[in-house]
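S.K.: Okay, here's the structure, questions in a sec.
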4 protein chains.
Amino acid sequence: MGKLKEECGVFGIYAAENADLTPAVYAGLFALQHRGQESCGIVVNDDGVFTADKDVGLVGEVFTESRLAALGRGNMAVGHVRYGTTGSGGVRNAQPIVVDHIKGHMALAHNGNLVNSAELRSELELAGSIFHTTSDTEVIAYIITKERITSPSIEEALASAMNRLDGAYSLVLMSPSKLLAVRDPHGFRPLCYGRRQDGSYVVASESCALDAVGADFIRDLEPGEILIFDGEEPRSDRRHCGRFRQSLCVFEFIYFARPDSVINGCSVHSARIRAGELLYKRHPAEADVVIGVPDSAIDAAIGYARASGIPYDAGLSKNRYVGRTFIVPGQSSREDKVRIKFNPVSSAVCGKRIVLVDDTIVRGTTSERIVKLLRDAGAREIHMRIAAPPFRHPCYYGTDIDSAENLIANHFTVEQIRDKLGVDSLGYLEQSDAEELCGGLTGFCSACFSGRYPTQVPSNAGKNRFEYRISDRRA
Amino acid sequence: MGKLKEECGVFGIYAAENADLTPAVYAGLFALQHRGQESCGIVVNDDGVFTADKDVGLVGEVFTESRLAALGRGNMAVGHVRYGTTGSGGVRNAQPIVVDHIKGHMALAHNGNLVNSAELRSELELAGSIFHTTSDTEVIAYIITKERITSPSIEEALASAMNRLDGAYSLVLMSPSKLLAVRDPHGFRPLCYGRRQDGSYVVASESCALDAVGADFIRDLEPGEILIFDGEEPRSDRRHCGRFRQSLCVFEFIYFARPDSVINGCSVHSARIRAGELLYKRHPAEADVVIGVPDSAIDAAIGYARASGIPYDAGLSKNRYVGRTFIVPGQSSREDKVRIKFNPVSSAVCGKRIVLVDDTIVRGTTSERIVKLLRDAGAREIHMRIAAPPFRHPCYYGTDIDSAENLIANHFTVEQIRDKLGVDSLGYLEQSDAEELCGGLTGFCSACFSGRYPTQVPSNAGKNRFEYRISDRRA
Amino acid sequence: MGKLKEECGVFGIYAAENADLTPAVYAGLFALQHRGQESCGIVVNDDGVFTADKDVGLVGEVFTESRLAALGRGNMAVGHVRYGTTGSGGVRNAQPIVVDHIKGHMALAHNGNLVNSAELRSELELAGSIFHTTSDTEVIAYIITKERITSPSIEEALASAMNRLDGAYSLVLMSPSKLLAVRDPHGFRPLCYGRRQDGSYVVASESCALDAVGADFIRDLEPGEILIFDGEEPRSDRRHCGRFRQSLCVFEFIYFARPDSVINGCSVHSARIRAGELLYKRHPAEADVVIGVPDSAIDAAIGYARASGIPYDAGLSKNRYVGRTFIVPGQSSREDKVRIKFNPVSSAVCGKRIVLVDDTIVRGTTSERIVKLLRDAGAREIHMRIAAPPFRHPCYYGTDIDSAENLIANHFTVEQIRDKLGVDSLGYLEQSDAEELCGGLTGFCSACFSGRYPTQVPSNAGKNRFEYRISDRRA
Amino acid sequence: MGKLKEECGVFGIYAAENADLTPAVYAGLFALQHRGQESCGIVVNDDGVFTADKDVGLVGEVFTESRLAALGRGNMAVGHVRYGTTGSGGVRNAQPIVVDHIKGHMALAHNGNLVNSAELRSELELAGSIFHTTSDTEVIAYIITKERITSPSIEEALASAMNRLDGAYSLVLMSPSKLLAVRDPHGFRPLCYGRRQDGSYVVASESCALDAVGADFIRDLEPGEILIFDGEEPRSDRRHCGRFRQSLCVFEFIYFARPDSVINGCSVHSARIRAGELLYKRHPAEADVVIGVPDSAIDAAIGYARASGIPYDAGLSKNRYVGRTFIVPGQSSREDKVRIKFNPVSSAVCGKRIVLVDDTIVRGTTSERIVKLLRDAGAREIHMRIAAPPFRHPCYYGTDIDSAENLIANHFTVEQIRDKLGVDSLGYLEQSDAEELCGGLTGFCSACFSGRYPTQVPSNAGKNRFEYRISDRRA
């Protein structure tokens with residue numbers, strides 16, 4: 001699966017009347033930018049005529065005024081931000097994908113990852129299908145198309161296709177006359193919708209995108225729910241609801257989602273504050289100051305400070321012009337990038353006993369480097385606290401951690417990690433804490449901690465076999 | 001069909017050993033640039049790993065040293081130059097197309113146009129196929145893929161697919177281990193091959209591309225012939241040869257091909273010289289000077305001068321920095337462009353009786369404008385001579401003249417055209433002259449003159465229905 | 001003066017031996033990126049041969065690996081990041097500027113603004129000088145060049161030139177064989193230097209850039225000091241030191257500088273924490289939570305929370321992909337941009353009495369919009385606290401606030417502003433607090449609060465008269 | 001001087017009223033594109049406000065609709081196309097240059113080369129001037145500016161400046177309210193003007209640019225004449241006229257100018273036809289066909305054919321997508337480029353005795369390669385004829401042949417060259433033929449043939465000393 005993994009954001013808008021929808025899609029994608037920074041795209045549907053534009057780059061870089069204007073007006077539109085690892089990226093795999101089939105055009109924006117895409121693709125290839133991309137979104141498009149032949153409507157085709165798809169998918173789909181949104185029956189990835197005062201409906205990966213376009217949040221889609229926008233009110237098809245126990249990705253709360261989003265009724269910010277509080281209960285420390293690794297661990301650090309009574313301080317300055325370590329492809333020199341990205345605030349650190357809160361440890365290299373920077377800045381003690389359980393198992397549901405090999409917690413005990421990082425103490429949350437974070441909300445996928453996967457695990461047979469290289473236009 | 005038409009050039013190279021093939025493909029495409037200036041692409045096959053790069057622009061603009069280097073080494077490669085009319089262009093329809101199917105990757109470079117692509121596409125769509133482009137090359141890829149399932153080899157699949165394809169196609173196809181070249185059974189478009197001293201084989205639309213890469217011309221492919229490069233010597237599959245009377249596009253000699261190319265044994269330059277000589281026989285004129293419209297009518301003007309004894313002169317200066325009228329998309333102001341493109345040389349024109357030779361009249365607007373420019377420069381008489389019969393009928397075999405509507409000769413008599421253009425006399429070749437041009441070579445498609453099409457004529461049902469717009473990255 | 005204002009960052013490196021200095025300049029400019037995001041540039045000096053590259057864009061966008069490589073090796077280099085308001089921007093005014101004069105090349109990187117540039121320019125023009133840019137850096141280059149004719153060395157020329165220059169300037173200057181750094185005698189803008197383990201010396205606007213390149217901080221330059229790097233140890237020319245009382249821009253602490261920088265011995269972070277603490281003393285509030293406007297007011301909010309005992313929370317989510325309101329040029333719709341940029345975290349805000357800390361209020365429009373967003377998110381009370389005195393007077397020393405017209409505090413009382421913003425209470429720091437922020441450090445320019453300017457005030461005569469427009473290459 | 005040389009084209013337009021002048025400048029520069037293909041630029045003057053845009057690339061590449069639109073309307077404008085050798089190119093040296101001086105803005109477009117620019121530059125530098133470019137156009141701007149201080153008008157300043165300038169310069173200069181055109185007193189480079197029906201006046205390097213914008217040719221400027229456009233009718237200042245014997249570059253007729261241009265009353269086309277005729281008289285040959293090397297030697301070949309009665313044929317096909325050998329910078333592999341650029345038409349060549357006409361031989365490498373190509377194509381005999389005398393001496397007046405080192409005729413006799421090229425015979429024109437070409441027109445500079453320079457020859461002292469490298473934005 002390797003390079004096919006992605007963490008993405010999807011957005012859709014359905015307006016009663018023809019209008020310039022691009023400012024809303026633009027604002028919505030801007031709000032979802034943290035979910036994918038490699039490429040982005042918008043497709044506008046003007047009464048069955050699709051106009052698409054997608055490219056490598058951030059939303060603000062790609063969509064200049066003239067390119068937005070060239071997209072024109074329409075009555076619905078879909079957008080996508082994508083993160084892809086090196087090799088499977090480029091314009092070729094950018095989304096939304098637009099295809100033609102027997103019933104006209106179809107645009108798809110997808111967040112997630114199928115676990116049976118290799119099998120489905122093999123089956124389709126055996127039947128004579130050809131593929132232009134290496135993305136599982138094209139597989140989904142095919143499966144829906146096949147069902148569309150015998151289905152009376154696109155929503156029926158989608159519902160039938162869902163019997164074939166296994167894994168994580170939050171999709172926004174546009175046919176010539178309808179906008180559809182669907183969340184897989186496990187509910188791995190978030191998807192919610194709302195309404196704007198002008199009567200248009202908006203679907204998005206996170207509620208912060210609804211805020212950005214001035215839409216009132218209505219609710220999250222249920223796992224397995226298909227939402228159909230084709231008239232005044234959206235309609236729901238719930239035939240796939242309840243097929244499985246919900247498996248919402250716990251990492252959405254810990255790391256992926258924006259703090260101002262609310263997922264399945266739980267504030268991401270509150271979950272992180274609570275993670276910090278829990279962390280203190282599990283692993284108290286004697287210290288002078290609590291510092292969080294910006295940006296995603298700040299809330300947990302505030303929570304730890306609150307619970308402990310130790311003052312919180314902004315002791316690490318983050319260079320706002322560097323992308324997330326987790327997300328930037330092609331890092332030749334991780335070491336130097338850490339120093340460019342983070343700089344200790346010496347007046348907050350020097351001579352202090354520090355509680356350093358981070359959201360997770362993946363490889364451990366960044367953490368090790370930050371600890372070194374703090375030591376060099378005069379930190380007397382460093383007590384590292386991780387606002388999640390140890391990350392031990394690969395994820396197959398739409399992130400790029402597809403192999404246990406690089407996971408430090410897979411190879412070492414907590415004590416060993418503590419020594420490798422050079423901290424005075426190290427504490428994680430427990431696996432059982434995940435549900436407490438979200439105030440009793442249940443139904444999480446925490447396979448990355450426990451190894452208990454809610455679906456089949458993809459066979460490795462097909463790994464990378466779809467890859468060929470398309471040089472980007474601008475090499 | 002409208003926007004789906006194209007006049008293109010294809011190129012392929014098969015080397016015994018792994019090497020840097022990009023300089024050869026680059027030189028070959030440069031030599032074929034006159035066949036398509038909108039986009040170009042190269043795919044290199046390194047032991048089954050395909051690396052592709054294609055983009056909007058001329059070969060010399062797109063393929064910088066770094067982009068060529070990024071394509072890497074390989075043992076075979078295909079290239080394509082493409083011309084597309086506005087709307088169906090852009091990177092999306094650029095070629096070669098690369099797809100994945102059950103047997104791995106396949107790259108296709110296509111010159112021509114199917115007349116039954118709408119039917120085939122409908123049939124494929126009914127069976128659940130999805131399309132990413134609006135080009136008939138994708139249809140061909142599908143048909144071959146379908147046959148590949150049950151065929152023992154890619155060449156067998158291609159041979160079977162040919163039973164389904166109707167129309168013009170000169171194709172170069174690359175599988176993980178083989179390079180195939182095929183010319184449709186009517187032989188509409190040229191395709192030839194040759195060998196380089198290093199033992200590599202080269203296939204190209206025109207022999208001038210063999211010259212450009214230092215390859216010795218071997219021969220043209222026969223109509224219907226499949227040439228398979230997968231070992232030391234190429235093999236031929238001739239099962240489709242002789243299915244139809246040959247229908248080589250006569251316009252290749254009149255206009256499309258480069259004068260230094262030899263097609264089916266006939267020098268393009270000689271054919272044009274003879275066209276000028278014949279033209280004088282048909283339509284002599286009393287004049288002081290013979291002038292050709294650069295570049296494609298220069299040879300015919302020389303021929304007319306030779307036959308008539310009237311001195312030839314270079315009386316029209318052409319701005320080398322403007323593309324061909326026939327081929328540049330998006331002309332807002334044809335009038336001004338003609339003045340920028342052509343300027344009479346007054347010393348050659350002023351006070352003179354002129355024979356003005358052109359290769360064809362399509363709409364008549366450019367001719368009218370040139371005549372006006374010559375009159376303004378002091379031409380006393382203008383006797384226009386066209387080195388082709390009147391162009392009266394649309395072409396369905398890979399050019400952009402898909403409708404009779406814009407053809408001046410479809411609406412007016414020669415006398416009426418003469419008056420519209422404002423010339424003193426006007427003479428065309430006869431339909432029967434075509435074969436004499438090529439020194440007795442027979443088997444031409446001259447449907448554009450006669451209306452007698454060698455294949456079924458495409459129904460209009462599907463016209464433009466595949467179109468959606470993809471804004472180019474660089475709007 | 002209008003559009004000529006700028007807030008910039010400068011960087012220089014002097015190595016004993018020829019080396020690849022670009023990674024260091026790149027890292028240094030990255031660390032100074034917050035000081036200017038419009039354009040950036042690097043000039044490398046390889047034994048008197050200057051290689052320069054500058055462009056519009058962020059450091060990470062402009063300086064790709066291949067562009068850095070093209071700069072080559074050298075024994076010294078200067079870099080610059082620039083912020084310019086609309087109209088005077090573009091590549092034309094990008095820095096460092098490189099000029100040729102009688103003694104060879106000279107590169108200048110400048111942070112600040114002359115108050116007598118119009119007079120100097122007029123004088124130079126009267127003497128027959130021509131100008132290619134509208135920047136006062138070119139004026140400085142001229143004045144130095146004029147002095148260079150009769151001066152025995154570049155440092156003498158610079159020292160003489162300083163007698164003519166009035167205003168703010170922190171400069172890094174490179175001659176064929178020397179690197180010079182100078183801070184104007186008022187010391188308006190920061191400038192410091194340090195040493196790397198390999199013996200190379202580094203000069204930068206802020207100490208955070210020294211950290212980024214692994215240099216040990218040595219000290220700030222004194223106001224009026226010229227530092228000359230031309231051998232093993234830097235030499236100081238202090239003839240201009242002590243000419244004036246120091247006038248360090250207080251806004252460097254409040255807003256401009258990075259919190260991890262230390263200026264004139266005072267930690268920026270600590271100054272902001274103290275500002276928050278002072279603010280509480282001046283304007284206590286009964287509230288449930290203290291929220292800072294990210295990023296620059298976070299520290300003051302933490303300080304307010306600490307002093308008050310009210311919990312601090314990260315109640316405003318900032319979109320990391322939008323540039324600073326204060327600094328992005330060409331804002332057509334400020335309102336929408338605020339909503340894209342900031343989103344309240346409802347769980348932290350809803351039903352709460354909030355202390356909202358910001359660093360300053362300029363026009364008031366952004367503040368008004370944030371208050372509205374918080375109200376909509378359910379804030380019960382909003383007590384706004386500003387970690388600076390009211391901003392009432394224009395600045396002529398290198399920022400873009402060149403007119404009192406747009407300053408809300410110039411037109412309205414605190415009560416009126418409170419009502420306009422729609423907050424329940426509003427409190428500013430006092431002018432006398434500025435020095436307390438920095439732990440007793442004295443010698444600030446606080447003319448923007450007090451209207452007491454440490455230099456002459458520029459006449460408006462020449463305002464904008466230098467402007468002509470050069471369309472950017474990338475329109 | 002080396003890299004400072006250039007062969008350029010200038011264009012200016014002066015309209016009575018404010019209008020969109022960009023289409024005319026665009027068309028004019030397009031017509032002059034053959035004079036320089038490296039960079040181009042346009043400056044529009046809207047009542048004293050200058051808007052400029054210049055960039056590396058061809059006119060058609062640089063000036064997209066949006067960039068033309070951004071230039072806006074005005075009542076006068078200047079344009080420039082530039083050719084520069086590697087190293088001194090890039091946007092930095094692109095023209096027109098725009099500077100500010102005491103009287104406001106000034107834009108300069110320059111064709112030619114000063115022989116005393118090094119001296120002038122040194123003098124200016126000694127007086128404290130700084131230079132941003134390495135082009136002598138900046139020197140000219142300075143000299144005019146210095147004179148402007150004491151001159152009552154820009155035209156007086158220009159007239160005074162001309163006392164200082166030595167060498168070749170055809171200039172178009174724009175002040176806030178006037179458009180000036182001037183040709184140096186030697187009249188090295190062409191410059192003419194005309195009038196459009198709307199009353200606007202147009203100045204251009206060649207008359208073909210007047211044709212392109214629909215202007216009626218009025219006359220060439222006299223050597224030394226200043227033409228001032230500042231009212232209804234242009235005024236002439238002839239104080240410098242007659243200072244020297246005219247020295248019009250003979251190579252304008254042989255090679256540089258377009259055949260449809262008329263310079264100093266002589267048609268370029270006719271001059272080339274006559275060159276061919278003379279060539280036959282000097283060096284008759286027994287042959288079957290006359291072939292010209294496209295494009296610039298075609299006319300001479302026609303002349304040779306006419307005089308000899310040997311049939312003319314288009315026996316070399318030129319790839320229209322490759323730039324001129326003479327003019328493309330950065331040729332790594334001249335050999336391969338020749339084969340891509342030229343291909344013999346075998347039917348015109350095989351078994352024939354050929355007269356091969358070219359306009360000049362510089363290094364001889366391209367000629368040698370073409371001869372080889374013709375031999376390989378079966379040419380039986382090749383009689384090379386050069387439509388100019390042997391090129392033996394460097395040119396200092398605006399071309400890139402600045403050194404005798406690379407001139408084959410400087411090192412070898414005609415017989416030796418014949419043997420090196422591998423031709424059966426070789427014949428040049430005589431130095432005395434030059435004036436006959438132009439029908440008795442006298443006053444040519446033929447220093448490149450004779451070594452008799454009409455001005456001082458530049459000292460080598462300053463050679464390349466101004467150079468520093470500015471990486472282009474697009475590396």
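Just remember, in the structure tokens the first chain shown is A, the second B, etc., residues are 1-based per chain, and ligands are 1-based in the order shown.
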Skip Cys266 of chain C itself and residues of its chain fewer than 3 positions away, then list as a count of residues only all residues within 7 Å of it, counting only C-alpha atoms.
M.R.: 3
S.K.: Counting only C-alpha atoms, a student should be able to say which residues of chain A come within 8 Å of chain B; what is the right answer, written as number ranges by chain?
M.R.: A: 49-55, 66-67, 70-71, 98-102, 104, 122, 125-133, 141-142, 145-149, 466, 468-473, 475
S.K.: Name the residues in contact with segment 345-349 of chain A at a cut-off of 7 Å, using only C-alpha atoms, excluding same-chain residues fewer than 5 positions from it; report them as a PyMOL selection string.
M.R.: (chain A and resi 313+315-317+377-379) or (chain C and resi 259-260+267+270)
S.K.: So that I have them on file, write out the residues from the current selection with C-alpha atoms, as an mmCIF file, in the first residue's frame.
M.R.:
```
data_model
loop_
_atom_site.group_PDB
_atom_site.id
_atom_site.type_symbol
_atom_site.label_atom_id
_atom_site.label_comp_id
_atom_site.auth_asym_id
_atom_site.auth_seq_id
_atom_site.Cartn_x
_atom_site.Cartn_y
_atom_site.Cartn_z
ATOM 1 C CA ASP A 313 4.497 28.743 29.094
ATOM 2 C CA GLY A 315 8.641 27.845 25.606
ATOM 3 C CA LEU A 316 9.150 26.648 22.055
ATOM 4 C CA SER A 317 8.934 29.126 19.237
ATOM 5 C CA ALA A 377 19.013 26.155 26.050
ATOM 6 C CA GLY A 378 19.593 25.300 29.691
ATOM 7 C CA ALA A 379 16.662 23.079 30.672
ATOM 8 C CA PRO C 259 9.577 35.671 21.018
ATOM 9 C CA ASP C 260 12.715 33.540 21.028
ATOM 10 C CA SER C 267 14.087 38.472 25.942
ATOM 11 C CA SER C 270 9.763 37.852 28.755
#
```
S.K.: Which residues in segment 19-212 of chain A does DSSP call helix (DSSP H, G or I)? List them as a PyMOL selection string.
M.R.: chain A and resi 22-31+33-35+59-62+65-71+91-93+117-126+136-150+154-161+207-212
S.K.: Run DSSP on the backbone and tell me which residues of segment 234-399 of chain C come out as strand (DSSP E); list them as a PyMOL selection string.
M.R.: chain C and resi 235-237+248-249+262-263+266-267+289-292+316-318+342-344+353-358+381-386
S.K.: Residues within 6 Å of segment 384-388 of chain B, please, as a list of chain:residue names. Count only C-alpha atoms; anything in the same chain fewer than 2 positions from it doesn't count.
M.R.: B:Ala275, B:Val355, B:Leu356, B:Val357, B:Asp358, B:Asp359, B:Thr360, B:Leu426, B:Gly427, B:Tyr428, B:Leu429
S.K.: Write out as a PDB file with N, CA and C atoms, in the first residue's frame which residues come within 8 Å of Glu225 of chain A when counting only C-alpha atoms, dropping same-chain ones fewer than 4 positions away.
M.R.:
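Just written: part-v1.pdb:
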```pdb
ATOM      1  N   VAL A 182     -20.954  10.586   1.561  1.00  0.00           N
ATOM      2  CA  VAL A 182     -21.098   9.292   2.220  1.00  0.00           C
ATOM      3  C   VAL A 182     -19.933   9.074   3.170  1.00  0.00           C
ATOM      4  N   ARG A 183     -20.252   8.423   4.272  1.00  0.00           N
ATOM      5  CA  ARG A 183     -19.220   8.062   5.248  1.00  0.00           C
ATOM      6  C   ARG A 183     -19.247   6.543   5.353  1.00  0.00           C
ATOM      7  N   ASP A 184     -18.091   5.926   5.342  1.00  0.00           N
ATOM      8  CA  ASP A 184     -18.078   4.464   5.326  1.00  0.00           C
ATOM      9  C   ASP A 184     -18.763   3.915   6.571  1.00  0.00           C
ATOM     10  N   PRO A 185     -19.242   2.667   6.524  1.00  0.00           N
ATOM     11  CA  PRO A 185     -20.028   2.096   7.626  1.00  0.00           C
ATOM     12  C   PRO A 185     -19.255   1.985   8.943  1.00  0.00           C
ATOM     13  N   LEU A 221     -22.435  13.098   9.589  1.00  0.00           N
ATOM     14  CA  LEU A 221     -23.070  11.970   8.943  1.00  0.00           C
ATOM     15  C   LEU A 221     -22.865  10.756   9.837  1.00  0.00           C
ATOM     16  N   SER A 236     -31.555  11.174   3.287  1.00  0.00           N
ATOM     17  CA  SER A 236     -30.599  10.203   3.812  1.00  0.00           C
ATOM     18  C   SER A 236     -30.935   8.801   3.360  1.00  0.00           C
ATOM     19  N   ASP A 237     -29.910   8.046   3.007  1.00  0.00           N
ATOM     20  CA  ASP A 237     -30.076   6.623   2.769  1.00  0.00           C
ATOM     21  C   ASP A 237     -29.240   5.948   3.848  1.00  0.00           C
ATOM     22  N   ARG A 238     -29.918   5.245   4.740  1.00  0.00           N
ATOM     23  CA  ARG A 238     -29.219   4.682   5.905  1.00  0.00           C
ATOM     24  C   ARG A 238     -29.091   3.160   5.846  1.00  0.00           C
ATOM     25  N   ARG A 239     -29.221   2.596   4.672  1.00  0.00           N
ATOM     26  CA  ARG A 239     -29.241   1.127   4.610  1.00  0.00           C
ATOM     27  C   ARG A 239     -27.940   0.496   5.104  1.00  0.00           C
ATOM     28  N   HIS A 240     -26.843   1.268   5.017  1.00  0.00           N
ATOM     29  CA  HIS A 240     -25.569   0.699   5.489  1.00  0.00           C
ATOM     30  C   HIS A 240     -25.248   1.091   6.932  1.00  0.00           C
ATOM     31  N   CYS A 241     -26.126   1.909   7.519  1.00  0.00           N
ATOM     32  CA  CYS A 241     -25.858   2.341   8.895  1.00  0.00           C
ATOM     33  C   CYS A 241     -25.997   1.150   9.835  1.00  0.00           C
TER      34      CYS A 241
END
```
S.K.: Between atom CA of Arg274 of chain B and atom CA of Ser308 of chain B, what is the distance, to one decimal in Å?
M.R.: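 Atom-to-atom, atom CA of Arg274 of chain B to atom CA of Ser308 of chain B, that is 12.4 Å.
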S.K.: Just checking: using only C-alpha atoms, which residue out of B:Gly443, B:Gly451, B:Pro344, B:Gly79 ends up closest to Leu29 of chain B?
M.R.: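 Among the listed residues, B:Gly79 lies closest to Leu29 of chain B.
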S.K.: Could you pull the residues within 7 Å of Ser247 of chain D, counting only C-alpha atoms, minus those fewer than 6 positions along the same chain, as number ranges by chain?
M.R.: D: 186-188, 443-445
S.K.: Considering only C-alpha atoms, return as a ChimeraX atom specification whatever protein or nucleic-acid residues lie within 10 Å of Val25 of chain B, sequence-local ones (same chain, fewer than 6 positions apart) excluded.
M.R.: /B:11-13,31,41-44,68,76-80,202,209,212-213
S.K.: Kindly export the residues of the current selection with N, CA and C atoms, as a CSV table (one decimal), in the first residue's frame.
M.R.:
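Ended up saving to out-v2.csv:
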```csv
chain,number,residue,atom,x,y,z
B,11,PHE,N,6.3,8.8,-32.5
B,11,PHE,CA,7.7,8.4,-32.6
B,11,PHE,C,7.9,7.3,-31.6
B,12,GLY,N,8.7,6.3,-32.0
B,12,GLY,CA,9.1,5.2,-31.0
B,12,GLY,C,10.5,4.8,-31.3
B,13,ILE,N,11.1,4.3,-30.2
B,13,ILE,CA,12.5,3.8,-30.4
B,13,ILE,C,12.6,2.5,-29.6
B,31,ALA,N,11.6,17.0,-35.1
B,31,ALA,CA,11.5,16.9,-36.5
B,31,ALA,C,10.0,16.7,-36.9
B,41,GLY,N,4.8,14.8,-25.5
B,41,GLY,CA,5.1,14.0,-24.4
B,41,GLY,C,6.0,12.8,-24.8
B,42,ILE,N,6.7,12.3,-23.8
B,42,ILE,CA,7.6,11.2,-23.9
B,42,ILE,C,7.4,10.2,-22.8
B,43,VAL,N,7.4,9.0,-23.1
B,43,VAL,CA,7.4,7.9,-22.1
B,43,VAL,C,8.6,7.0,-22.3
B,44,VAL,N,9.3,6.8,-21.3
B,44,VAL,CA,10.5,5.9,-21.3
B,44,VAL,C,10.2,4.6,-20.5
B,68,LEU,N,14.3,16.3,-19.4
B,68,LEU,CA,14.7,15.1,-20.1
B,68,LEU,C,15.5,14.1,-19.2
B,76,MET,N,13.3,1.3,-24.4
B,76,MET,CA,12.5,1.8,-25.4
B,76,MET,C,11.7,3.0,-24.9
B,77,ALA,N,11.1,3.7,-25.9
B,77,ALA,CA,10.4,4.9,-25.5
B,77,ALA,C,9.5,5.3,-26.6
B,78,VAL,N,8.4,6.0,-26.3
B,78,VAL,CA,7.5,6.6,-27.3
B,78,VAL,C,7.4,8.1,-27.1
B,79,GLY,N,7.1,8.8,-28.2
B,79,GLY,CA,6.9,10.2,-28.1
B,79,GLY,C,5.7,10.6,-29.0
B,80,HIS,N,5.3,11.8,-28.7
B,80,HIS,CA,4.1,12.3,-29.4
B,80,HIS,C,4.1,13.8,-29.5
B,202,VAL,N,13.8,2.6,-35.0
B,202,VAL,CA,13.0,3.8,-34.8
B,202,VAL,C,11.8,3.8,-35.7
B,209,ALA,N,12.0,12.4,-39.5
B,209,ALA,CA,12.3,12.2,-38.1
B,209,ALA,C,13.4,11.1,-38.0
B,212,ALA,N,16.6,12.9,-38.6
B,212,ALA,CA,17.0,13.7,-37.5
B,212,ALA,C,17.7,12.9,-36.4
B,213,VAL,N,17.4,11.6,-36.4
B,213,VAL,CA,18.1,10.8,-35.4
B,213,VAL,C,19.2,9.9,-36.0
```
S.K.: Counting only C-alpha atoms, figure out which residue out of A:Val250, A:Leu165, A:Leu21, A:Ala305 gets nearest to Leu120 of chain A.
M.R.: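 Closest to Leu120 of chain A, using only C-alpha atoms: A:Leu165.
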S.K.: May I ask for the distance between atom CA of Glu233 of chain A and atom CA of Asp46 of chain A, given in Å to one decimal place?
M.R.: 19.7 Å
